[in-house]
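Listing of run.tsv, TSV, C-alpha atoms
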chain	number	residue	atom	x	y	z
A	726	MET	CA	34.60	-14.41	5.16
A	727	ALA	CA	32.35	-12.01	7.06
A	728	ILE	CA	30.33	-9.91	4.62
A	729	LEU	CA	28.59	-8.00	7.41
A	730	GLU	CA	30.15	-6.99	10.74
A	731	VAL	CA	28.10	-5.25	13.42
A	732	ARG	CA	30.32	-3.87	16.18
A	733	GLY	CA	29.02	-2.60	19.50
A	734	LEU	CA	26.01	-0.78	18.09
A	735	LYS	CA	24.23	1.61	20.42
A	736	LYS	CA	21.30	3.79	19.47
A	737	VAL	CA	19.74	6.34	21.80
A	738	TYR	CA	16.72	8.42	20.86
A	739	SER	CA	15.92	11.61	22.74
A	740	ALA	CA	12.28	11.95	23.73
A	741	ARG	CA	10.47	15.18	22.92
A	742	LEU	CA	10.45	18.11	25.31
A	743	GLY	CA	13.54	16.92	27.15
A	744	GLY	CA	12.00	13.69	28.43
A	745	ASP	CA	13.70	10.38	29.10
A	746	LYS	CA	16.01	8.94	26.46
A	747	VAL	CA	15.10	5.70	24.73
A	748	HIS	CA	17.92	3.15	24.42
A	749	ALA	CA	16.89	1.19	21.32
A	750	LEU	CA	20.21	-0.67	21.01
A	751	THR	CA	22.61	-1.11	23.91
A	752	GLY	CA	25.63	-2.86	22.43
A	753	VAL	CA	24.86	-5.25	19.57
A	754	SER	CA	27.70	-7.20	17.97
A	755	PHE	CA	27.64	-10.07	15.47
A	756	SER	CA	28.85	-10.96	11.99
A	757	VAL	CA	27.26	-12.56	8.94
A	758	GLU	CA	29.36	-14.78	6.70
A	759	ALA	CA	29.11	-14.87	2.91
A	760	GLY	CA	26.27	-17.17	1.89
A	761	GLU	CA	24.55	-17.19	5.29
A	762	PHE	CA	20.81	-16.89	5.82
A	763	VAL	CA	20.34	-15.10	9.15
A	764	ALA	CA	17.01	-14.21	10.77
A	765	ILE	CA	16.50	-11.60	13.49
A	766	MET	CA	13.64	-12.00	15.95
A	767	GLY	CA	12.37	-10.19	19.03
A	768	GLU	CA	9.28	-8.67	20.55
A	769	SER	CA	7.99	-5.29	19.42
A	770	GLY	CA	10.30	-2.61	20.79
A	771	SER	CA	13.24	-5.00	21.12
A	772	GLY	CA	15.38	-2.98	18.69
A	773	LYS	CA	15.34	-5.25	15.64
A	774	THR	CA	13.82	-2.64	13.30
A	775	THR	CA	16.33	-0.04	14.50
A	776	LEU	CA	19.10	-2.55	13.84
A	777	LEU	CA	17.84	-3.21	10.31
A	778	ASN	CA	17.57	0.52	9.55
A	779	ILE	CA	21.18	1.07	10.63
A	780	ILE	CA	22.44	-1.88	8.56
A	781	ALA	CA	20.47	-0.50	5.61
A	782	SER	CA	22.14	2.92	6.17
A	783	PHE	CA	18.73	4.59	6.66
A	784	ASP	CA	19.81	5.56	10.19
A	785	LYS	CA	23.09	6.11	12.01
A	786	PRO	CA	24.10	4.63	15.38
A	787	THR	CA	24.86	6.70	18.44
A	788	SER	CA	28.06	4.66	18.70
A	789	GLY	CA	29.52	1.50	17.23
A	790	ASP	CA	29.99	0.61	13.58
A	791	VAL	CA	28.67	-1.50	10.70
A	792	LEU	CA	31.03	-2.84	8.05
A	793	LEU	CA	29.95	-4.30	4.72
A	794	GLU	CA	32.72	-6.18	2.95
A	795	GLY	CA	35.14	-4.50	5.34
A	796	LYS	CA	33.98	-0.93	4.59
A	797	SER	CA	32.45	1.16	7.36
A	798	LEU	CA	29.02	2.52	6.49
A	799	LEU	CA	29.80	5.53	8.67
A	800	GLU	CA	32.58	6.54	6.29
A	801	ILE	CA	30.25	6.79	3.30
A	802	PRO	CA	29.30	10.45	2.60
A	803	ASP	CA	25.58	11.17	2.82
A	804	ASP	CA	25.42	12.09	-0.87
A	805	LYS	CA	26.83	8.66	-1.80
A	806	LEU	CA	24.50	6.54	0.36
A	807	ALA	CA	21.74	6.13	-2.24
A	808	ALA	CA	24.24	4.81	-4.80
A	809	PHE	CA	25.76	2.54	-2.14
A	810	ARG	CA	22.34	1.01	-1.38
A	811	ARG	CA	21.62	0.41	-5.07
A	812	GLU	CA	24.97	-1.29	-5.62
A	813	LYS	CA	25.33	-3.34	-2.44
A	814	LEU	CA	21.90	-3.91	-0.86
A	815	GLY	CA	18.65	-5.45	-2.02
A	816	PHE	CA	15.43	-4.69	-0.13
A	817	VAL	CA	12.23	-6.71	0.27
A	818	PHE	CA	9.51	-5.07	2.37
A	819	GLN	CA	6.23	-6.28	3.87
A	820	ASP	CA	4.16	-3.84	1.80
A	821	PHE	CA	6.05	-4.54	-1.48
A	822	ASN	CA	6.80	-0.83	-2.20
A	823	LEU	CA	5.81	-1.21	-5.85
A	824	LEU	CA	4.63	1.78	-7.91
A	825	ASP	CA	1.09	1.18	-9.18
A	826	THR	CA	1.65	3.36	-12.26
A	827	PHE	CA	4.57	1.16	-13.38
A	828	THR	CA	4.35	-2.36	-14.78
A	829	LEU	CA	6.08	-5.09	-12.82
A	830	ARG	CA	8.88	-5.00	-15.39
A	831	ASP	CA	9.40	-1.26	-14.92
A	832	ASN	CA	9.27	-1.62	-11.14
A	833	ILE	CA	11.99	-4.25	-11.34
A	834	PHE	CA	14.06	-2.09	-13.69
A	835	LEU	CA	13.81	1.01	-11.46
A	836	PRO	CA	17.10	0.61	-9.50
A	837	LEU	CA	18.96	0.00	-12.76
A	838	VAL	CA	17.35	3.06	-14.36
A	839	LEU	CA	18.49	5.15	-11.40
A	840	ALA	CA	21.99	3.71	-11.78
A	841	GLY	CA	22.12	4.59	-15.49
A	842	VAL	CA	22.28	1.00	-16.76
A	843	ASP	CA	21.47	0.68	-20.49
A	844	HIS	CA	18.29	-1.05	-21.66
A	845	LEU	CA	20.02	-4.05	-23.25
A	846	GLU	CA	21.77	-4.86	-19.98
A	847	MET	CA	18.52	-4.49	-18.07
A	848	ALA	CA	16.80	-6.93	-20.43
A	849	ARG	CA	19.69	-9.39	-20.09
A	850	ARG	CA	19.47	-9.32	-16.30
A	851	ILE	CA	15.72	-9.61	-15.88
A	852	THR	CA	15.18	-12.75	-17.95
A	853	PRO	CA	16.84	-15.36	-15.68
A	854	ILE	CA	15.54	-13.71	-12.51
A	855	ALA	CA	11.94	-13.54	-13.75
A	856	ARG	CA	12.14	-17.13	-14.95
A	857	SER	CA	13.47	-18.40	-11.61
A	858	LEU	CA	10.71	-16.53	-9.73
A	859	GLY	CA	7.94	-17.66	-12.07
A	860	ILE	CA	6.84	-14.18	-13.12
A	861	GLU	CA	7.90	-14.11	-16.78
A	862	GLU	CA	4.31	-14.14	-18.01
A	863	ILE	CA	3.12	-11.23	-15.85
A	864	LEU	CA	5.92	-8.69	-16.29
A	865	GLY	CA	3.64	-6.48	-18.38
A	866	LYS	CA	0.94	-6.35	-15.71
A	867	TYR	CA	0.53	-3.62	-13.09
A	868	PRO	CA	0.75	-4.33	-9.33
A	869	TYR	CA	-3.03	-3.93	-8.86
A	870	GLU	CA	-3.60	-6.67	-11.45
A	871	VAL	CA	-1.67	-9.43	-9.64
A	872	SER	CA	-1.81	-11.29	-6.32
A	873	GLY	CA	0.13	-10.45	-3.17
A	874	GLY	CA	2.48	-13.37	-3.73
A	875	GLN	CA	3.19	-12.22	-7.28
A	876	LYS	CA	3.82	-8.68	-6.05
A	877	GLN	CA	6.32	-9.97	-3.52
A	878	ARG	CA	8.12	-12.06	-6.14
A	879	ALA	CA	8.36	-8.93	-8.28
A	880	ALA	CA	9.80	-7.09	-5.26
A	881	ILE	CA	12.38	-9.86	-4.86
A	882	ALA	CA	13.28	-9.55	-8.54
A	883	ARG	CA	13.77	-5.80	-8.06
A	884	ALA	CA	16.03	-6.51	-5.09
A	885	LEU	CA	18.08	-9.10	-6.98
A	886	ILE	CA	18.52	-7.32	-10.31
A	887	THR	CA	21.42	-5.22	-8.97
A	888	ASN	CA	23.29	-8.38	-7.86
A	889	PRO	CA	23.36	-7.21	-4.21
A	890	THR	CA	25.99	-8.27	-1.72
A	891	LEU	CA	23.30	-8.51	0.97
A	892	LEU	CA	19.55	-9.07	0.65
A	893	LEU	CA	17.61	-7.38	3.47
A	894	ALA	CA	14.05	-8.59	4.08
A	895	ASP	CA	11.74	-6.83	6.54
A	896	GLU	CA	8.70	-8.98	7.46
A	897	PRO	CA	8.37	-10.12	3.80
A	898	THR	CA	5.58	-12.63	4.54
A	899	GLY	CA	3.53	-10.26	6.72
A	900	ALA	CA	1.02	-9.31	4.00
A	901	LEU	CA	0.75	-12.79	2.44
A	902	ASP	CA	-1.56	-15.74	3.02
A	903	SER	CA	0.00	-18.99	4.23
A	904	LYS	CA	0.32	-20.52	0.75
A	905	ALA	CA	1.99	-17.45	-0.74
A	906	ALA	CA	4.21	-17.09	2.36
A	907	THR	CA	5.43	-20.68	2.04
A	908	ALA	CA	6.20	-20.19	-1.65
A	909	LEU	CA	8.13	-17.02	-0.87
A	910	LEU	CA	10.16	-18.66	1.90
A	911	GLN	CA	10.98	-21.57	-0.37
A	912	GLN	CA	12.21	-19.03	-2.90
A	913	PHE	CA	14.41	-17.41	-0.25
A	914	ASP	CA	15.78	-20.85	0.60
A	915	ALA	CA	16.57	-21.48	-3.07
A	916	LEU	CA	18.28	-18.08	-3.39
A	917	ASN	CA	20.38	-18.84	-0.33
A	918	GLN	CA	21.29	-22.26	-1.68
A	919	GLY	CA	22.49	-20.44	-4.78
A	920	GLY	CA	24.84	-18.32	-2.65
A	921	GLN	CA	22.80	-15.20	-1.85
A	922	THR	CA	23.44	-13.80	1.63
A	923	ILE	CA	20.12	-12.99	3.32
A	924	PHE	CA	19.30	-10.99	6.46
A	925	LEU	CA	15.67	-11.42	7.49
A	926	VAL	CA	13.68	-9.56	10.16
A	927	THR	CA	10.52	-11.44	11.13
A	928	HIS	CA	7.97	-12.13	13.87
A	929	SER	CA	7.20	-15.54	12.37
A	930	ALA	CA	8.79	-18.68	13.81
A	931	ASN	CA	7.87	-20.44	10.57
A	932	ALA	CA	9.69	-17.83	8.45
A	933	ALA	CA	12.74	-17.87	10.73
A	934	SER	CA	12.92	-21.68	10.56
A	935	TYR	CA	14.14	-21.37	6.94
A	936	ALA	CA	17.27	-19.52	8.13
A	937	GLY	CA	20.54	-21.17	9.00
A	938	ARG	CA	20.88	-19.03	12.12
A	939	VAL	CA	18.42	-17.05	14.21
A	940	LEU	CA	19.48	-14.14	16.44
A	941	PHE	CA	17.09	-13.07	19.19
A	942	ILE	CA	17.11	-9.42	20.28
A	943	LYS	CA	15.86	-8.38	23.71
A	944	ASP	CA	16.16	-4.95	25.32
A	945	GLY	CA	18.49	-3.79	22.58
A	946	GLN	CA	20.96	-6.67	22.91
A	947	VAL	CA	21.55	-10.10	21.38
A	948	PHE	CA	19.85	-12.38	23.88
A	949	GLN	CA	20.49	-15.75	22.23
A	950	GLN	CA	21.13	-17.41	18.90
A	951	ILE	CA	20.19	-20.76	17.40
A	952	TYR	CA	22.00	-22.53	14.57
A	953	ARG	CA	19.98	-24.80	12.33
A	954	ALA	CA	22.89	-27.24	11.92
A	955	GLY	CA	21.36	-30.68	11.21
A	956	ARG	CA	17.88	-29.88	12.50
A	957	ASP	CA	14.90	-30.23	10.22
A	958	ARG	CA	12.62	-27.23	9.88
A	959	GLN	CA	9.99	-28.62	12.24
A	960	ARG	CA	12.53	-29.03	15.04
A	961	MET	CA	14.02	-25.62	14.25
A	962	GLN	CA	10.61	-23.99	14.40
A	963	GLN	CA	9.90	-25.57	17.78
A	964	GLU	CA	13.19	-24.35	19.24
A	965	ILE	CA	12.49	-20.86	17.91
A	966	ALA	CA	9.03	-20.89	19.50
A	967	ASP	CA	10.51	-22.05	22.83
A	968	THR	CA	13.10	-19.26	22.76
A	969	LEU	CA	10.43	-16.66	21.98
A	970	ARG	CA	8.51	-17.82	25.07
A	971	LEU	CA	11.67	-17.33	27.12
A	972	LEU	CA	12.04	-13.82	25.70
A	973	SER	CA	8.50	-12.97	26.72
A	974	GLY	CA	8.98	-14.43	30.20
A	975	GLY	CA	6.79	-17.45	29.54
A	976	GLY	CA	9.39	-20.08	30.31
A	977	GLN	CA	10.29	-23.23	28.42
A	978	ALA	CA	7.37	-25.16	26.92

Please go through the file and, once you have read it, give me the structure as C-alpha cells.
Amino acid sequence: MAILEVRGLKKVYSARLGGDKVHALTGVSFSVEAGEFVAIMGESGSGKTTLLNIIASFDKPTSGDVLLEGKSLLEIPDDKLAAFRREKLGFVFQDFNLLDTFTLRDNIFLPLVLAGVDHLEMARRITPIARSLGIEEILGKYPYEVSGGQKQRAAIARALITNPTLLLADEPTGALDSKAATALLQQFDALNQGGQTIFLVTHSANAASYAGRVLFIKDGQVFQQIYRAGRDRQRMQQEIADTLRLLSGGGQA
C-alpha cells in the first residue's frame, strides 16, 4: 500500500522586483510504499529540498498534490498542520534542532508535551526507543555535553516517539564524522527492517546506499531511479555514484 503519493508537483517561485520566475519543481510524481526506505538525491538547486518541504507540509505546491495515507495535505487547514506533523511525521535534521536548555530526555519528550500526552505514557514510550538507540545512560545530559552522534540519536528518538507514519530525514549525516555517520545509517537500516517507512534527502552516495530505492532529481523532475534489489551496498554505492556523474554531465565512469 502506498503511504505517500506525490502527484504532478510543480513549484514556481517569483523573483523579487518582477524578475524571472524560478521553476523549482516541474512535475514530480512518485509513490512510497509502507515499509520502504527511499532516498532522494540531486545537485544543489535540483529541487530536492523544495520537494521535502512540500512533503513535510512546510510549503505548498503551485500545482499538484501530496497524499499521506490517502489524505491530501492540501485539504488540511493551516491551523491543523502542526498537529498533523506531530501525529504523522517524524523529522531528523542535519543540525539536530535540539534545545540546549533542555536535557536529551526533555528534548525527546517535547512533541508529546505539545500533544498533551501524560507523563506516564511518555515514560513508557521513551524506554524502548532509548534502549534501541543506545542513549539510555545519557538522557539526563544536555546537548552540549554529548557528541554529535549522540545528539543525532536523540533527534531520532524525538522523531520516533510519536510513532510517525513517515520518518523524514534531511542530510542527517551532514554534521557527523564518518564513524558516527555509519552508526546512524545502520540505525536507520535497523528501523527500516523493523517496518519504519523512511524518506531521506542526502548528498552522500554512501548514505543513499542504505536505501532500498534512490530517486534522482534534476531540473525539478525525477531523472532516474535505482532499486537496491539484490545488490550489496558496495555495488549500490557505485551505481549511485555513476548516476550522479550522469546528472552532472560527467558521463558514465

Got a sec to check which residues sit within 12 Å of (16.0, -6.4, -7.6), counting all atoms listed in the file, and write them as an NGL selection string? :A and (810-818 or 821 or 823 or 829-838 or 847 or 850-851 or 854-855 or 858 or 877-893)

Please write the residues from the selection above to a file, keeping C-alpha atoms, as a compact mmCIF listing (two decimals), in the coordinates of the input.
# COMPACT_ATOMS: atom_id res chain seq x y z
CA ARG A 810 22.34 1.01 -1.38
CA ARG A 811 21.62 0.41 -5.07
CA GLU A 812 24.97 -1.29 -5.62
CA LYS A 813 25.33 -3.34 -2.44
CA LEU A 814 21.90 -3.91 -0.86
CA GLY A 815 18.65 -5.45 -2.02
CA PHE A 816 15.43 -4.69 -0.13
CA VAL A 817 12.23 -6.71 0.27
CA PHE A 818 9.51 -5.07 2.37
CA PHE A 821 6.05 -4.54 -1.48
CA LEU A 823 5.81 -1.21 -5.85
CA LEU A 829 6.08 -5.09 -12.82
CA ARG A 830 8.88 -5.00 -15.39
CA ASP A 831 9.40 -1.26 -14.92
CA ASN A 832 9.27 -1.62 -11.14
CA ILE A 833 11.99 -4.25 -11.34
CA PHE A 834 14.06 -2.09 -13.69
CA LEU A 835 13.81 1.01 -11.46
CA PRO A 836 17.10 0.61 -9.50
CA LEU A 837 18.96 0.00 -12.76
CA VAL A 838 17.35 3.06 -14.36
CA MET A 847 18.52 -4.49 -18.07
CA ARG A 850 19.47 -9.32 -16.30
CA ILE A 851 15.72 -9.61 -15.88
CA ILE A 854 15.54 -13.71 -12.51
CA ALA A 855 11.94 -13.54 -13.75
CA LEU A 858 10.71 -16.53 -9.73
CA GLN A 877 6.32 -9.97 -3.52
CA ARG A 878 8.12 -12.06 -6.14
CA ALA A 879 8.36 -8.93 -8.28
CA ALA A 880 9.80 -7.09 -5.26
CA ILE A 881 12.38 -9.86 -4.86
CA ALA A 882 13.28 -9.55 -8.54
CA ARG A 883 13.77 -5.80 -8.06
CA ALA A 884 16.03 -6.51 -5.09
CA LEU A 885 18.08 -9.10 -6.98
CA ILE A 886 18.52 -7.32 -10.31
CA THR A 887 21.42 -5.22 -8.97
CA ASN A 888 23.29 -8.38 -7.86
CA PRO A 889 23.36 -7.21 -4.21
CA THR A 890 25.99 -8.27 -1.72
CA LEU A 891 23.30 -8.51 0.97
CA LEU A 892 19.55 -9.07 0.65
CA LEU A 893 17.61 -7.38 3.47

Between A:Ser769, A:Asn822, A:Gln912, A:Thr922, which is the closest to A:Phe941 once you count only C-alpha atoms? A:Ser769

Fewer than 6 positions away in the same chain doesn't count, so skip those; otherwise give me all residues within 6 Å of stretch 743-754 of chain A, counting all atoms listed in the file, as a PyMOL selection string. chain A and resi 731-737+772+945-946

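Using only C-alpha atoms, the shortest contact distance between A:Thr907 and any of A:Gly874, A:Gly920, A:Gly767, A:Gly841 is found at A:Gly874.
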
Please provide the set of residues having any atom within 7 Å of A:Ala933, restricted to only C-alpha atoms, with same-chain residues fewer than 6 positions apart removed, written as a list in words. Ala764, Thr927 and Val939 of chain A

Please identify all polymer residues within 8 Å of A:Val926, counting all atoms listed in the file, omitting same-chain residues fewer than 4 positions from it, and present them as a ChimeraX atom specification. /A:764-766,773-774,777,894-896

Calculate how many Å separate atom CA of A:Leu969 from atom CA of A:Glu768, rounding to one decimal.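 Separation between atom CA of A:Leu969 and atom CA of A:Glu768: 8.2 Å.
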
If we count all atoms listed in the file, what is near stretch 971-974 of chain A at a cut-off of 12 Å, once residues fewer than 3 positions away on the same chain are taken out, given as a PDB file with C-alpha atoms, in the coordinates of the input?
ATOM      1  CA  MET A 766      13.640 -12.000  15.950  1.00  0.00           C
ATOM      2  CA  GLY A 767      12.370 -10.190  19.030  1.00  0.00           C
ATOM      3  CA  GLU A 768       9.280  -8.670  20.550  1.00  0.00           C
ATOM      4  CA  SER A 769       7.990  -5.290  19.420  1.00  0.00           C
ATOM      5  CA  SER A 771      13.240  -5.000  21.120  1.00  0.00           C
ATOM      6  CA  LEU A 940      19.480 -14.140  16.440  1.00  0.00           C
ATOM      7  CA  PHE A 941      17.090 -13.070  19.190  1.00  0.00           C
ATOM      8  CA  ILE A 942      17.110  -9.420  20.280  1.00  0.00           C
ATOM      9  CA  LYS A 943      15.860  -8.380  23.710  1.00  0.00           C
ATOM     10  CA  ASP A 944      16.160  -4.950  25.320  1.00  0.00           C
ATOM     11  CA  GLN A 946      20.960  -6.670  22.910  1.00  0.00           C
ATOM     12  CA  VAL A 947      21.550 -10.100  21.380  1.00  0.00           C
ATOM     13  CA  PHE A 948      19.850 -12.380  23.880  1.00  0.00           C
ATOM     14  CA  GLN A 949      20.490 -15.750  22.230  1.00  0.00           C
ATOM     15  CA  GLN A 950      21.130 -17.410  18.900  1.00  0.00           C
ATOM     16  CA  GLU A 964      13.190 -24.350  19.240  1.00  0.00           C
ATOM     17  CA  ILE A 965      12.490 -20.860  17.910  1.00  0.00           C
ATOM     18  CA  ALA A 966       9.030 -20.890  19.500  1.00  0.00           C
ATOM     19  CA  ASP A 967      10.510 -22.050  22.830  1.00  0.00           C
ATOM     20  CA  THR A 968      13.100 -19.260  22.760  1.00  0.00           C
ATOM     21  CA  GLN A 977      10.290 -23.230  28.420  1.00  0.00           C
ATOM     22  CA  ALA A 978       7.370 -25.160  26.920  1.00  0.00           C
TER      23      ALA A 978
END

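Residue nearest A:Ala759, chosen from A:Gly919, A:Pro802, A:Pro786, A:Gly955 and counting only C-alpha atoms: A:Gly919.
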
Two-atom distance - atom CA of A:Phe809, atom CA of A:Ile780 (Å):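 Taking atom CA of A:Phe809 and atom CA of A:Ile780, their separation equals 12.0 Å.
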
Which residue, A:Ala740, A:Ile951, A:Leu729, A:Ile779, has the smallest gap to A:Phe755 when you use all atoms listed in the file?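 Counting all atoms listed in the file, the residue closest to A:Phe755 is A:Leu729.
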
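Note that atom CA of A:Met726 and atom CA of A:Glu758 are 5.5 Å apart.
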
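Using only C-alpha atoms for every distance, the candidate list A:Asp804, A:Ala840, A:His928, A:Gln875 yields A:Gln875 as the residue closest to A:Gly859.
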
Quick test: take stretch 801-811 of chain A, keep all heavy atoms, and write it as a PDB file, in the first residue's frame.
ATOM      1  N   ILE A 801      -5.733  19.928   4.488  1.00  0.00           N
ATOM      2  CA  ILE A 801      -5.585  20.138   5.926  1.00  0.00           C
ATOM      3  C   ILE A 801      -5.558  21.642   6.204  1.00  0.00           C
ATOM      4  O   ILE A 801      -4.712  22.358   5.661  1.00  0.00           O
ATOM      5  CB  ILE A 801      -4.301  19.478   6.453  1.00  0.00           C
ATOM      6  CG1 ILE A 801      -4.308  17.980   6.135  1.00  0.00           C
ATOM      7  CG2 ILE A 801      -4.149  19.716   7.955  1.00  0.00           C
ATOM      8  CD1 ILE A 801      -3.002  17.288   6.476  1.00  0.00           C
ATOM      9  N   PRO A 802      -6.449  22.153   7.050  1.00  0.00           N
ATOM     10  CA  PRO A 802      -6.446  23.594   7.359  1.00  0.00           C
ATOM     11  C   PRO A 802      -5.116  24.013   7.981  1.00  0.00           C
ATOM     12  O   PRO A 802      -4.473  23.227   8.692  1.00  0.00           O
ATOM     13  CB  PRO A 802      -7.599  23.737   8.364  1.00  0.00           C
ATOM     14  CG  PRO A 802      -8.465  22.542   8.137  1.00  0.00           C
ATOM     15  CD  PRO A 802      -7.544  21.432   7.735  1.00  0.00           C
ATOM     16  N   ASP A 803      -4.708  25.234   7.728  1.00  0.00           N
ATOM     17  CA  ASP A 803      -3.424  25.719   8.228  1.00  0.00           C
ATOM     18  C   ASP A 803      -3.310  25.580   9.745  1.00  0.00           C
ATOM     19  O   ASP A 803      -2.225  25.286  10.270  1.00  0.00           O
ATOM     20  CB  ASP A 803      -3.218  27.185   7.835  1.00  0.00           C
ATOM     21  CG  ASP A 803      -2.949  27.342   6.340  1.00  0.00           C
ATOM     22  OD1 ASP A 803      -2.642  26.323   5.678  1.00  0.00           O
ATOM     23  OD2 ASP A 803      -3.040  28.481   5.834  1.00  0.00           O
ATOM     24  N   ASP A 804      -4.413  25.787  10.463  1.00  0.00           N
ATOM     25  CA  ASP A 804      -4.340  25.726  11.922  1.00  0.00           C
ATOM     26  C   ASP A 804      -4.285  24.294  12.447  1.00  0.00           C
ATOM     27  O   ASP A 804      -4.147  24.076  13.654  1.00  0.00           O
ATOM     28  CB  ASP A 804      -5.515  26.476  12.555  1.00  0.00           C
ATOM     29  CG  ASP A 804      -6.872  25.890  12.172  1.00  0.00           C
ATOM     30  OD1 ASP A 804      -6.938  25.037  11.264  1.00  0.00           O
ATOM     31  OD2 ASP A 804      -7.883  26.295  12.786  1.00  0.00           O
ATOM     32  N   LYS A 805      -4.370  23.312  11.543  1.00  0.00           N
ATOM     33  CA  LYS A 805      -4.281  21.900  11.948  1.00  0.00           C
ATOM     34  C   LYS A 805      -2.965  21.260  11.512  1.00  0.00           C
ATOM     35  O   LYS A 805      -2.694  20.101  11.845  1.00  0.00           O
ATOM     36  CB  LYS A 805      -5.438  21.100  11.323  1.00  0.00           C
ATOM     37  CG  LYS A 805      -6.830  21.615  11.643  1.00  0.00           C
ATOM     38  CD  LYS A 805      -7.179  21.441  13.104  1.00  0.00           C
ATOM     39  CE  LYS A 805      -8.627  21.842  13.369  1.00  0.00           C
ATOM     40  NZ  LYS A 805      -8.976  21.748  14.814  1.00  0.00           N
ATOM     41  N   LEU A 806      -2.132  22.013  10.773  1.00  0.00           N
ATOM     42  CA  LEU A 806      -0.923  21.426  10.200  1.00  0.00           C
ATOM     43  C   LEU A 806       0.093  21.016  11.269  1.00  0.00           C
ATOM     44  O   LEU A 806       0.742  19.977  11.145  1.00  0.00           O
ATOM     45  CB  LEU A 806      -0.282  22.405   9.212  1.00  0.00           C
ATOM     46  CG  LEU A 806      -0.924  22.468   7.832  1.00  0.00           C
ATOM     47  CD1 LEU A 806      -0.277  23.579   7.007  1.00  0.00           C
ATOM     48  CD2 LEU A 806      -0.805  21.131   7.104  1.00  0.00           C
ATOM     49  N   ALA A 807       0.257  21.834  12.302  1.00  0.00           N
ATOM     50  CA  ALA A 807       1.232  21.496  13.346  1.00  0.00           C
ATOM     51  C   ALA A 807       0.862  20.179  14.028  1.00  0.00           C
ATOM     52  O   ALA A 807       1.730  19.325  14.258  1.00  0.00           O
ATOM     53  CB  ALA A 807       1.322  22.624  14.367  1.00  0.00           C
ATOM     54  N   ALA A 808      -0.414  19.997  14.323  1.00  0.00           N
ATOM     55  CA  ALA A 808      -0.871  18.755  14.951  1.00  0.00           C
ATOM     56  C   ALA A 808      -0.687  17.580  13.984  1.00  0.00           C
ATOM     57  O   ALA A 808      -0.298  16.481  14.398  1.00  0.00           O
ATOM     58  CB  ALA A 808      -2.326  18.874  15.374  1.00  0.00           C
ATOM     59  N   PHE A 809      -0.957  17.809  12.706  1.00  0.00           N
ATOM     60  CA  PHE A 809      -0.764  16.773  11.692  1.00  0.00           C
ATOM     61  C   PHE A 809       0.693  16.315  11.659  1.00  0.00           C
ATOM     62  O   PHE A 809       0.983  15.111  11.627  1.00  0.00           O
ATOM     63  CB  PHE A 809      -1.180  17.306  10.320  1.00  0.00           C
ATOM     64  CG  PHE A 809      -0.679  16.486   9.173  1.00  0.00           C
ATOM     65  CD1 PHE A 809      -1.315  15.304   8.815  1.00  0.00           C
ATOM     66  CD2 PHE A 809       0.438  16.883   8.446  1.00  0.00           C
ATOM     67  CE1 PHE A 809      -0.841  14.536   7.755  1.00  0.00           C
ATOM     68  CE2 PHE A 809       0.915  16.129   7.397  1.00  0.00           C
ATOM     69  CZ  PHE A 809       0.274  14.943   7.051  1.00  0.00           C
ATOM     70  N   ARG A 810       1.635  17.274  11.663  1.00  0.00           N
ATOM     71  CA  ARG A 810       3.058  16.909  11.640  1.00  0.00           C
ATOM     72  C   ARG A 810       3.433  16.089  12.864  1.00  0.00           C
ATOM     73  O   ARG A 810       4.172  15.106  12.763  1.00  0.00           O
ATOM     74  CB  ARG A 810       3.923  18.166  11.560  1.00  0.00           C
ATOM     75  CG  ARG A 810       3.784  18.941  10.275  1.00  0.00           C
ATOM     76  CD  ARG A 810       4.796  20.091  10.224  1.00  0.00           C
ATOM     77  NE  ARG A 810       4.378  21.076   9.238  1.00  0.00           N
ATOM     78  CZ  ARG A 810       3.860  22.256   9.515  1.00  0.00           C
ATOM     79  NH1 ARG A 810       3.712  22.620  10.783  1.00  0.00           N
ATOM     80  NH2 ARG A 810       3.504  23.081   8.560  1.00  0.00           N
ATOM     81  N   ARG A 811       2.961  16.500  14.036  1.00  0.00           N
ATOM     82  CA  ARG A 811       3.293  15.773  15.271  1.00  0.00           C
ATOM     83  C   ARG A 811       2.773  14.345  15.231  1.00  0.00           C
ATOM     84  O   ARG A 811       3.430  13.420  15.709  1.00  0.00           O
ATOM     85  CB  ARG A 811       2.716  16.492  16.495  1.00  0.00           C
ATOM     86  CG  ARG A 811       3.448  17.749  16.885  1.00  0.00           C
ATOM     87  CD  ARG A 811       3.101  18.152  18.313  1.00  0.00           C
ATOM     88  NE  ARG A 811       1.659  18.370  18.489  1.00  0.00           N
ATOM     89  CZ  ARG A 811       1.065  19.551  18.347  1.00  0.00           C
ATOM     90  NH1 ARG A 811       1.782  20.609  17.989  1.00  0.00           N
ATOM     91  NH2 ARG A 811      -0.227  19.674  18.536  1.00  0.00           N
TER      92      ARG A 811
END
